[in-house]
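Printed here is model.txt (compact mmCIF, C-alpha atoms):
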```
# COMPACT_ATOMS: atom_id res chain seq x y z
CA MET P 1 38.12 -128.93 27.81
CA PRO P 2 41.36 -129.18 25.86
CA ARG P 3 41.74 -132.48 24.03
CA ASP P 4 45.13 -131.82 22.58
CA GLY P 5 47.06 -134.32 24.68
CA GLY P 6 49.51 -131.58 25.74
CA PRO P 7 52.24 -132.30 28.29
CA ALA P 8 50.17 -131.41 31.39
CA ARG P 9 47.36 -133.69 30.28
CA LEU P 10 49.70 -136.61 29.63
CA ARG P 11 51.45 -136.07 32.98
CA LEU P 12 48.07 -136.03 34.73
CA ARG P 13 47.10 -139.36 33.10
CA GLN P 14 50.39 -140.94 34.04
CA ALA P 15 50.25 -139.58 37.63
CA ALA P 16 46.69 -140.85 38.09
CA LEU P 17 47.57 -144.33 36.79
CA ASP P 18 50.63 -144.53 39.03
CA LEU P 19 48.71 -143.42 42.13
CA TYR P 20 45.73 -145.71 41.45
CA GLY P 21 48.16 -148.59 41.05
CA GLU P 22 49.94 -147.75 44.29
CA HIS P 23 46.99 -146.96 46.58
CA GLY P 24 43.82 -148.17 44.84
CA PHE P 25 41.44 -145.95 42.87
CA ASP P 26 39.19 -145.10 45.84
CA GLN P 27 42.05 -143.84 48.04
CA VAL P 28 43.40 -141.22 45.63
CA THR P 29 42.24 -137.57 45.42
CA THR P 30 42.43 -135.18 42.47
CA ALA P 31 44.69 -132.93 44.62
CA GLU P 32 47.17 -135.80 44.94
CA ILE P 33 47.09 -136.48 41.21
CA ALA P 34 47.70 -132.80 40.44
CA ALA P 35 50.58 -132.63 42.94
CA ARG P 36 52.24 -135.76 41.47
CA ALA P 37 51.90 -134.27 37.99
CA GLY P 38 53.35 -130.94 39.17
CA VAL P 39 50.27 -128.87 38.31
CA THR P 40 47.49 -127.19 40.30
CA GLU P 41 44.20 -128.92 41.03
CA ARG P 42 42.58 -126.23 38.90
CA THR P 43 44.63 -127.44 35.94
CA PHE P 44 43.38 -130.96 36.63
CA TYR P 45 39.79 -129.74 36.30
CA ARG P 46 40.58 -127.81 33.13
CA HIS P 47 41.41 -131.16 31.55
CA PHE P 48 39.13 -133.70 33.26
CA ALA P 49 35.66 -133.66 34.80
CA ASP P 50 36.61 -136.02 37.63
CA LYS P 51 39.16 -138.61 38.68
CA ARG P 52 37.36 -141.35 36.77
CA GLU P 53 37.44 -139.50 33.44
CA VAL P 54 41.21 -139.12 33.54
CA LEU P 55 41.41 -142.88 32.94
CA PHE P 56 39.03 -142.89 29.99
CA ASP P 57 40.68 -140.04 28.14
CA GLY P 58 42.16 -142.51 25.68
CA GLU P 59 38.75 -144.05 25.01
CA GLN P 60 37.39 -140.83 23.54
CA THR P 61 40.48 -140.47 21.37
CA LEU P 62 40.14 -144.11 20.29
CA ARG P 63 36.45 -143.68 19.47
CA ASP P 64 37.14 -140.58 17.39
CA ALA P 65 39.97 -142.36 15.56
CA LEU P 66 37.85 -145.44 14.84
CA VAL P 67 34.95 -143.36 13.56
CA ALA P 68 37.36 -141.44 11.32
CA GLY P 69 38.81 -144.78 10.14
CA VAL P 70 35.36 -146.05 9.17
CA ALA P 71 34.69 -142.85 7.25
CA ASP P 72 38.07 -142.99 5.48
CA ALA P 73 37.99 -146.68 4.49
CA PRO P 74 37.84 -147.39 0.73
CA GLU P 75 34.30 -146.96 -0.52
CA ALA P 76 33.99 -150.49 -1.96
CA LEU P 77 34.56 -152.21 1.40
CA ALA P 78 31.67 -154.12 2.93
CA PRO P 79 30.84 -153.42 6.63
CA LEU P 80 33.13 -155.96 8.36
CA PRO P 81 36.12 -155.32 6.08
CA THR P 82 35.52 -151.60 6.78
CA LEU P 83 35.82 -152.27 10.52
CA LEU P 84 38.91 -154.39 9.95
CA TRP P 85 40.39 -151.47 8.00
CA ALA P 86 39.50 -148.98 10.76
CA PHE P 87 40.89 -151.20 13.54
CA ARG P 88 44.15 -151.64 11.63
CA ALA P 89 44.30 -147.87 11.14
CA VAL P 90 44.27 -147.26 14.92
CA ALA P 91 46.67 -150.10 15.78
CA ALA P 92 49.66 -147.75 15.67
CA VAL P 93 47.96 -145.32 18.10
CA LEU P 94 47.19 -148.21 20.46
CA GLU P 95 50.79 -149.44 20.27
CA THR P 96 51.94 -145.95 21.27
CA ASN P 97 49.46 -145.88 24.17
CA ARG P 98 50.55 -149.30 25.37
CA SER P 99 52.35 -147.94 28.47
CA PHE P 100 48.99 -146.48 29.58
CA SER P 101 46.72 -149.28 28.53
CA GLU P 102 48.31 -152.12 30.43
CA PRO P 103 48.22 -150.56 33.95
CA LEU P 104 44.83 -149.10 32.99
CA GLN P 105 43.38 -152.59 32.42
CA ARG P 106 44.76 -153.61 35.80
CA VAL P 107 43.16 -150.65 37.65
CA ILE P 108 39.84 -151.22 35.86
CA ALA P 109 39.85 -154.93 36.70
CA ALA P 110 40.43 -154.10 40.40
CA THR P 111 37.67 -151.47 40.70
CA PRO P 112 33.99 -152.42 40.15
CA ALA P 113 32.87 -148.82 39.51
CA LEU P 114 35.47 -148.54 36.75
CA ARG P 115 34.50 -151.87 35.19
CA GLU P 116 30.94 -150.61 34.82
CA ARG P 117 32.17 -147.38 33.27
CA ALA P 118 34.38 -149.33 30.88
CA GLN P 119 31.39 -151.43 29.82
CA ALA P 120 29.32 -148.30 29.27
CA LYS P 121 32.14 -146.86 27.13
CA ALA P 122 32.19 -150.07 25.08
CA ALA P 123 28.44 -149.74 24.49
CA ALA P 124 28.96 -146.13 23.36
CA LEU P 125 31.67 -147.31 20.97
CA VAL P 126 29.28 -149.84 19.40
CA GLU P 127 26.77 -147.02 18.85
CA ALA P 128 29.41 -144.79 17.28
CA LEU P 129 30.59 -147.54 14.91
CA ALA P 130 27.02 -148.36 13.87
CA THR P 131 26.36 -144.70 13.10
CA ALA P 132 29.59 -144.43 11.12
CA LEU P 133 28.65 -147.53 9.07
CA ARG P 134 25.18 -146.11 8.40
CA ASP P 135 26.81 -142.90 7.22
CA ARG P 136 28.62 -145.01 4.60
CA GLY P 137 25.28 -146.34 3.37
CA ALA P 138 24.84 -149.58 5.36
CA ALA P 139 21.26 -150.46 6.24
CA GLU P 140 20.36 -149.75 9.87
CA SER P 141 20.09 -153.36 11.01
CA THR P 142 23.22 -154.43 9.10
CA ALA P 143 25.20 -151.54 10.57
CA ALA P 144 24.05 -152.38 14.11
CA LEU P 145 24.89 -156.09 13.79
CA ALA P 146 28.26 -155.42 12.14
CA ALA P 147 29.17 -152.92 14.90
CA GLN P 148 28.31 -155.48 17.60
CA ILE P 149 30.35 -158.17 15.86
CA GLY P 150 33.23 -155.76 15.29
CA MET P 151 33.26 -154.81 18.96
CA ALA P 152 33.22 -158.49 19.96
CA VAL P 153 36.28 -159.06 17.76
CA PHE P 154 37.96 -155.94 19.11
CA SER P 155 37.38 -157.02 22.75
CA HIS P 156 38.87 -160.38 21.94
CA VAL P 157 41.89 -158.73 20.32
CA GLY P 158 42.35 -156.59 23.45
CA ALA P 159 42.21 -159.64 25.73
CA SER P 160 44.68 -161.57 23.52
CA TRP P 161 47.06 -158.62 23.42
CA PHE P 162 46.88 -158.34 27.20
CA LEU P 163 47.81 -162.04 27.51
CA HIS P 164 50.53 -161.86 24.82
CA PRO P 165 52.02 -158.36 25.06
CA ASP P 166 54.83 -159.35 22.69
CA ARG P 167 52.40 -159.97 19.81
CA ASN P 168 52.16 -157.44 16.99
CA LEU P 169 48.78 -155.75 17.28
CA ASP P 170 48.12 -155.40 13.55
CA GLU P 171 48.76 -159.12 13.10
CA LEU P 172 46.46 -159.97 16.00
CA ILE P 173 43.67 -157.89 14.47
CA ARG P 174 43.99 -159.62 11.08
CA GLU P 175 44.17 -163.07 12.64
CA THR P 176 41.11 -162.48 14.81
CA PHE P 177 39.00 -161.35 11.85
CA GLU P 178 40.17 -164.48 10.02
CA ASP P 179 39.21 -166.58 13.08
CA LEU P 180 35.78 -164.93 13.00
CA ARG P 181 35.35 -165.88 9.34
CA ALA P 182 36.47 -169.44 9.98
CA LEU P 183 34.03 -169.74 12.91
CA THR P 184 31.08 -168.77 10.71
CA VAL P 185 31.85 -171.27 7.92
CA PRO P 186 30.03 -174.21 9.58
CA LEU P 187 26.89 -172.04 9.78
CA ALA P 188 26.58 -172.50 6.02
CA THR P 189 26.43 -176.29 6.14
CA ALA P 190 23.22 -178.21 6.55
CA ASP P 191 24.40 -179.98 9.69
CA GLY P 192 26.48 -177.18 11.26
CA SER P 193 29.32 -179.56 11.94
CA SER P 194 32.91 -178.36 11.98
CA ARG P 195 33.61 -180.42 8.83
CA ALA P 196 32.32 -177.49 6.80
CA GLY P 197 30.50 -178.48 3.64
CA ALA P 198 30.90 -182.18 4.32
CA LYS P 199 27.19 -182.94 4.13
CA ASP P 200 25.79 -180.05 2.12
CA MET A 201 17.32 -168.52 48.08
CA PRO A 202 14.53 -170.43 46.36
CA ARG A 203 14.87 -170.37 42.57
CA ASP A 204 11.75 -172.33 41.81
CA GLY A 205 9.75 -169.48 40.30
CA GLY A 206 6.87 -170.22 42.68
CA PRO A 207 3.83 -167.96 42.79
CA ALA A 208 5.19 -165.52 45.41
CA ARG A 209 8.37 -165.05 43.44
CA LEU A 210 6.52 -164.39 40.20
CA ARG A 211 4.14 -161.97 41.93
CA LEU A 212 7.12 -160.11 43.42
CA ARG A 213 8.73 -159.74 39.99
CA GLN A 214 5.50 -158.49 38.45
CA ALA A 215 4.83 -156.08 41.34
CA ALA A 216 8.36 -154.66 41.14
CA LEU A 217 8.13 -154.13 37.38
CA ASP A 218 4.75 -152.43 37.69
CA LEU A 219 5.93 -150.12 40.49
CA TYR A 220 9.21 -149.23 38.75
CA GLY A 221 7.27 -148.41 35.61
CA GLU A 222 4.81 -146.24 37.57
CA HIS A 223 7.19 -144.34 39.86
CA GLY A 224 10.73 -144.91 38.59
CA PHE A 225 13.17 -147.44 40.03
CA ASP A 226 14.73 -145.07 42.58
CA GLN A 227 11.40 -144.11 44.18
CA VAL A 228 10.23 -147.64 45.03
CA THR A 229 11.00 -149.52 48.28
CA THR A 230 11.10 -153.26 48.89
CA ALA A 231 8.27 -152.78 51.42
CA GLU A 232 6.08 -151.35 48.65
CA ILE A 233 6.92 -154.20 46.31
CA ALA A 234 6.09 -156.78 48.98
CA ALA A 235 2.80 -155.00 49.80
CA ARG A 236 1.78 -154.89 46.11
CA ALA A 237 2.59 -158.60 45.78
CA GLY A 238 0.58 -159.40 48.91
CA VAL A 239 3.53 -160.86 50.85
CA THR A 240 5.71 -159.69 53.74
CA GLU A 241 8.97 -157.85 53.23
CA ARG A 242 10.64 -160.84 54.83
CA THR A 243 9.33 -163.01 52.00
CA PHE A 244 10.80 -160.52 49.54
CA TYR A 245 14.22 -161.03 51.10
CA ARG A 246 13.82 -164.81 51.11
CA HIS A 247 13.68 -164.58 47.31
CA PHE A 248 15.88 -161.60 46.38
CA ALA A 249 18.98 -159.91 47.79
CA ASP A 250 17.76 -156.40 46.93
CA LYS A 251 15.35 -154.47 44.76
CA ARG A 252 17.75 -154.57 41.82
CA GLU A 253 18.10 -158.35 41.81
CA VAL A 254 14.36 -158.88 41.47
CA LEU A 255 14.69 -157.52 37.93
CA PHE A 256 17.54 -159.81 36.95
CA ASP A 257 15.97 -163.00 38.19
CA GLY A 258 15.27 -164.07 34.63
CA GLU A 259 18.90 -163.52 33.64
CA GLN A 260 20.12 -166.25 35.94
CA THR A 261 17.48 -168.64 34.62
CA LEU A 262 18.42 -167.68 31.07
CA ARG A 263 22.13 -168.21 31.73
CA ASP A 264 21.50 -171.63 33.26
CA ALA A 265 19.28 -172.60 30.32
CA LEU A 266 21.83 -171.43 27.74
CA VAL A 267 24.66 -173.27 29.45
CA ALA A 268 22.52 -176.41 29.53
CA GLY A 269 21.71 -175.88 25.84
CA VAL A 270 25.39 -175.69 24.95
CA ALA A 271 26.04 -178.90 26.88
CA ASP A 272 23.10 -180.68 25.25
CA ALA A 273 23.77 -179.65 21.63
CA PRO A 274 24.70 -182.49 19.24
CA GLU A 275 28.34 -183.40 19.66
CA ALA A 276 29.29 -182.81 16.01
CA LEU A 277 28.30 -179.12 16.07
CA ALA A 278 31.05 -176.52 15.73
CA PRO A 279 31.08 -173.63 18.27
CA LEU A 280 28.80 -171.10 16.53
CA PRO A 281 26.24 -173.71 15.40
CA THR A 282 26.30 -174.93 19.02
CA LEU A 283 25.37 -171.43 20.21
CA LEU A 284 22.68 -171.18 17.53
CA TRP A 285 21.30 -174.49 18.80
CA ALA A 286 21.37 -173.28 22.44
CA PHE A 287 19.72 -169.95 21.62
CA ARG A 288 16.97 -171.72 19.70
CA ALA A 289 16.50 -174.06 22.65
CA VAL A 290 15.75 -171.14 25.00
CA ALA A 291 13.55 -169.23 22.55
CA ALA A 292 10.41 -170.83 23.94
CA VAL A 293 11.35 -169.79 27.50
CA LEU A 294 11.96 -166.24 26.33
CA GLU A 295 8.63 -166.17 24.52
CA THR A 296 6.94 -167.20 27.76
CA ASN A 297 8.79 -164.45 29.67
CA ARG A 298 7.86 -161.83 27.11
CA SER A 299 5.39 -160.06 29.42
CA PHE A 300 8.28 -159.46 31.82
CA SER A 301 11.02 -158.70 29.36
CA GLU A 302 9.42 -155.82 27.52
CA PRO A 303 8.70 -153.58 30.55
CA LEU A 304 12.01 -154.76 31.99
CA GLN A 305 13.93 -153.35 29.00
CA ARG A 306 12.07 -150.07 29.47
CA VAL A 307 12.95 -149.78 33.18
CA ILE A 308 16.60 -150.68 32.48
CA ALA A 309 16.83 -148.11 29.68
CA ALA A 310 15.51 -145.40 32.03
CA THR A 311 17.85 -146.17 34.96
CA PRO A 312 21.65 -145.76 34.57
CA ALA A 313 22.46 -147.98 37.57
CA LEU A 314 20.42 -150.79 36.01
CA ARG A 315 22.01 -150.36 32.58
CA GLU A 316 25.40 -150.93 34.17
CA ARG A 317 24.15 -154.01 35.98
CA ALA A 318 22.64 -155.34 32.76
CA GLN A 319 26.00 -154.88 31.02
CA ALA A 320 27.77 -156.69 33.85
CA LYS A 321 25.27 -159.56 33.51
CA ALA A 322 25.94 -159.71 29.79
CA ALA A 323 29.68 -159.98 30.51
CA ALA A 324 28.98 -162.82 32.95
CA LEU A 325 26.91 -164.57 30.28
CA VAL A 326 29.81 -164.38 27.81
CA GLU A 327 32.06 -166.00 30.43
CA ALA A 328 29.53 -168.75 31.08
CA LEU A 329 29.12 -169.50 27.35
CA ALA A 330 32.90 -169.60 26.84
CA THR A 331 33.27 -172.05 29.72
CA ALA A 332 30.47 -174.23 28.35
CA LEU A 333 32.11 -174.30 24.90
CA ARG A 334 35.47 -175.22 26.45
CA ASP A 335 33.74 -178.03 28.32
CA ARG A 336 32.72 -179.39 24.89
CA GLY A 337 36.34 -179.40 23.80
CA ALA A 338 36.75 -176.02 22.08
CA ALA A 339 40.19 -174.42 22.43
CA GLU A 340 40.30 -171.59 24.97
CA SER A 341 40.74 -168.74 22.50
CA THR A 342 38.17 -170.18 20.06
CA ALA A 343 35.64 -170.60 22.87
CA ALA A 344 36.18 -167.03 24.09
CA LEU A 345 35.83 -165.51 20.61
CA ALA A 346 32.77 -167.63 19.73
CA ALA A 347 31.10 -166.63 23.02
CA GLN A 348 31.71 -162.92 22.33
CA ILE A 349 30.34 -163.27 18.79
CA GLY A 350 27.36 -165.29 20.02
CA MET A 351 26.54 -162.64 22.61
CA ALA A 352 26.80 -159.92 19.95
CA VAL A 353 24.30 -161.85 17.83
CA PHE A 354 22.05 -162.45 20.82
CA SER A 355 22.05 -158.73 21.77
CA HIS A 356 21.11 -157.88 18.21
CA VAL A 357 18.30 -160.44 18.28
CA GLY A 358 17.02 -158.89 21.52
CA ALA A 359 17.05 -155.39 20.05
CA SER A 360 15.27 -156.58 16.87
CA TRP A 361 12.65 -158.41 18.87
CA PHE A 362 12.05 -155.30 20.97
CA LEU A 363 11.51 -153.26 17.79
CA HIS A 364 9.35 -155.95 16.12
CA PRO A 365 7.44 -157.68 18.96
CA ASP A 366 5.26 -159.51 16.42
CA ARG A 367 8.26 -161.40 15.00
CA ASN A 368 8.75 -165.07 15.83
CA LEU A 369 11.82 -165.31 18.05
CA ASP A 370 13.12 -168.59 16.66
CA GLU A 371 12.99 -167.17 13.13
CA LEU A 372 14.79 -164.00 14.26
CA ILE A 373 17.58 -166.07 15.82
CA ARG A 374 18.09 -168.13 12.65
CA GLU A 375 17.98 -165.04 10.43
CA THR A 376 20.51 -163.16 12.55
CA PHE A 377 23.00 -166.04 12.48
CA GLU A 378 22.53 -166.13 8.71
CA ASP A 379 23.14 -162.34 8.58
CA LEU A 380 26.31 -162.88 10.61
CA ARG A 381 27.54 -165.47 8.12
CA ALA A 382 26.71 -163.23 5.16
CA LEU A 383 28.55 -160.30 6.78
CA THR A 384 31.74 -162.35 7.10
CA VAL A 385 31.78 -163.56 3.46
CA PRO A 386 33.57 -160.44 2.11
CA LEU A 387 36.36 -161.03 4.64
CA ALA A 388 37.42 -163.98 2.47
CA THR A 389 37.92 -161.92 -0.68
CA ALA A 390 41.18 -160.22 -1.55
CA ASP A 391 39.63 -156.76 -1.74
CA GLY A 392 37.00 -157.07 1.02
CA SER A 393 34.32 -155.60 -1.22
CA SER A 394 30.69 -156.54 -0.81
CA ARG A 395 30.77 -158.32 -4.19
CA ALA A 396 32.12 -161.40 -2.45
CA GLY A 397 34.63 -163.38 -4.46
CA ALA A 398 34.43 -161.04 -7.42
CA LYS A 399 38.15 -160.31 -7.49
CA ASP A 400 39.64 -163.28 -5.75
```
Written form, structure tokens:
Amino acid sequence: MPRDGGPARLRLRQAALDLYGEHGFDQVTTAEIAARAGVTERTFYRHFADKREVLFDGEQTLRDALVAGVADAPEALAPLPTLLWAFRAVAAVLETNRSFSEPLQRVIAATPALRERAQAKAAALVEALATALRDRGAAESTAALAAQIGMAVFSHVGASWFLHPDRNLDELIRETFEDLRALTVPLATADGSSRAGAKD
Amino acid sequence: MPRDGGPARLRLRQAALDLYGEHGFDQVTTAEIAARAGVTERTFYRHFADKREVLFDGEQTLRDALVAGVADAPEALAPLPTLLWAFRAVAAVLETNRSFSEPLQRVIAATPALRERAQAKAAALVEALATALRDRGAAESTAALAAQIGMAVFSHVGASWFLHPDRNLDELIRETFEDLRALTVPLATADGSSRAGAKD
């Protein structure tokens, strides 16, 4: 299947999103999507396995970009700073995809079968990040935990961005990693209180 | 539906797990589960909505216990230490449920429809923890992020426990929160290297 994001593929994604938004995911056929995009149904199936996959096209691209970001991050970076680096590296791509991602979140939220697929994709992303961190030399358990934490941060960033679409994504990513660090500080104190260090 | 974990309910859970393990989830009927447990099918439906829910009975109990743990944690605790406290509070319950949880993980891993349900339950748990943290006075965004991070840690603990069944669960929980804290330390340094603070 071509993954080049050519014009037909982009038109198919946009047509599918529009139709799902208008009629609900379950009511739309691949023939209708192809017609709206001005291509044959055969062209639809050259690009996508089914009408669900057309929505998750960006996820595969995102996963590939994040994995590449982890591989490309400066060698000295520890696991979480590596993920921060990789997330910041894809922020520009996500900004560009914004016109897809907002209606996409809406369609997913309205369709239980899509929510489950989205969760499965998130689990696959955690796996991919853990593998990429291991490939940089992180121990297996460290890589797995860092990938889970990174995905938790990334989900939170996504939710914040959805609530505040005017926010700059790169800023949101940096702030959320800083919030993560601040949240863990009280774990170092003997009493775990929010007055970090007060009783240590 | 009774939630008291009475003998019929426990026998139904055990019978379902045994049968799913023997024949695969898709091949087993509620009538067979009831017969194996020595009760009528009607009794099955007094306890569980369907043959999938019988597996996730423990999840609801776990969620209730975690939410109660968050509410009961000492008032001075910051959000992540509160979750650490709540997780430690349920460790004993989880140890008791161990004979269920190990075959349960196996059945879930082998059945795509159950994996998706398990992921949906995990998402519901994150929501419940965020609400419980807000009820203690945490800001909305802080509560949501802490709940996501806590769930990431908890998933990792579950996976580690599954790999090392001889490990003490309470110890694993404390170690994993400590690993989380250690992972975030390099986020505070200017260069994000694993030699925390070396260049700051």
Select, as a list in words, those residues of chain P with any atom no more than 7 Å from chain A (distances computed using only C-alpha atoms). Ala76, Leu77, Ala78, Leu80, Pro81, Glu116, Gln119, Ala120, Leu145, Gln148, Ile149, Ala152, His156, Arg181, Leu183, Thr184, Pro186, Leu187, Gly192, Ser193 and Ser194 of chain P
Hey, can you spit out that residue selection with C-alpha atoms as an mmCIF file, in the coordinates of the input?
```
data_model
loop_
_atom_site.group_PDB
_atom_site.id
_atom_site.type_symbol
_atom_site.label_atom_id
_atom_site.label_comp_id
_atom_site.auth_asym_id
_atom_site.auth_seq_id
_atom_site.Cartn_x
_atom_site.Cartn_y
_atom_site.Cartn_z
ATOM 1 C CA ALA P 76 33.990 -150.490 -1.960
ATOM 2 C CA LEU P 77 34.560 -152.210 1.400
ATOM 3 C CA ALA P 78 31.670 -154.120 2.930
ATOM 4 C CA LEU P 80 33.130 -155.960 8.360
ATOM 5 C CA PRO P 81 36.120 -155.320 6.080
ATOM 6 C CA GLU P 116 30.940 -150.610 34.820
ATOM 7 C CA GLN P 119 31.390 -151.430 29.820
ATOM 8 C CA ALA P 120 29.320 -148.300 29.270
ATOM 9 C CA LEU P 145 24.890 -156.090 13.790
ATOM 10 C CA GLN P 148 28.310 -155.480 17.600
ATOM 11 C CA ILE P 149 30.350 -158.170 15.860
ATOM 12 C CA ALA P 152 33.220 -158.490 19.960
ATOM 13 C CA HIS P 156 38.870 -160.380 21.940
ATOM 14 C CA ARG P 181 35.350 -165.880 9.340
ATOM 15 C CA LEU P 183 34.030 -169.740 12.910
ATOM 16 C CA THR P 184 31.080 -168.770 10.710
ATOM 17 C CA PRO P 186 30.030 -174.210 9.580
ATOM 18 C CA LEU P 187 26.890 -172.040 9.780
ATOM 19 C CA GLY P 192 26.480 -177.180 11.260
ATOM 20 C CA SER P 193 29.320 -179.560 11.940
ATOM 21 C CA SER P 194 32.910 -178.360 11.980
#
```
Mind pulling up the distance from atom CA of Arg252 of chain A to atom CA of Ala215 of chain A?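 Atom-to-atom, atom CA of Ala215 of chain A to atom CA of Arg252 of chain A, that is 13.0 Å.
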Taking only C-alpha atoms into account, which of A:Arg263, A:Arg246, A:Lys321, A:Arg298 comes nearest Pro365 of chain A?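 Using only C-alpha atoms, the shortest distance to Pro365 of chain A belongs to A:Arg298.
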Could you work out how far atom CA of Val67 of chain P lies from atom CA of Leu94 of chain P, giving the answer in Å with one decimal?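 Going from atom CA of Leu94 of chain P over to atom CA of Val67 of chain P, I get 14.9 Å.
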Take atom CA of Ser101 of chain P and atom CA of Leu314 of chain A and report the distance between them in Å, one decimal.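 Between these atoms lies a distance of 27.4 Å.
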Long-range neighbours of Ala37 of chain P as number ranges by chain, 8 Å cut-off, only C-alpha atoms, 3 positions minimum in chain: P: 8, 11-12, 14-15, 33-34
Using only C-alpha atoms, determine which residues lie at most 12 Å from Asp57 of chain P, disregarding the query and same-chain residues fewer than 6 positions distant; provide the list as number ranges by chain. P: 1-5, 9-10, 12-14, 16-17, 47-51, 63-64, 97, 100-101, 104, 118, 121
With all atoms listed in the file counted, which protein, DNA or RNA residues have an atom no more than 12 Å from (40.1, -143.9, 43.7) in the file frame? Please answer as an MDAnalysis selection string. chainID P and resid 16:33 50:55 107:108 110:114
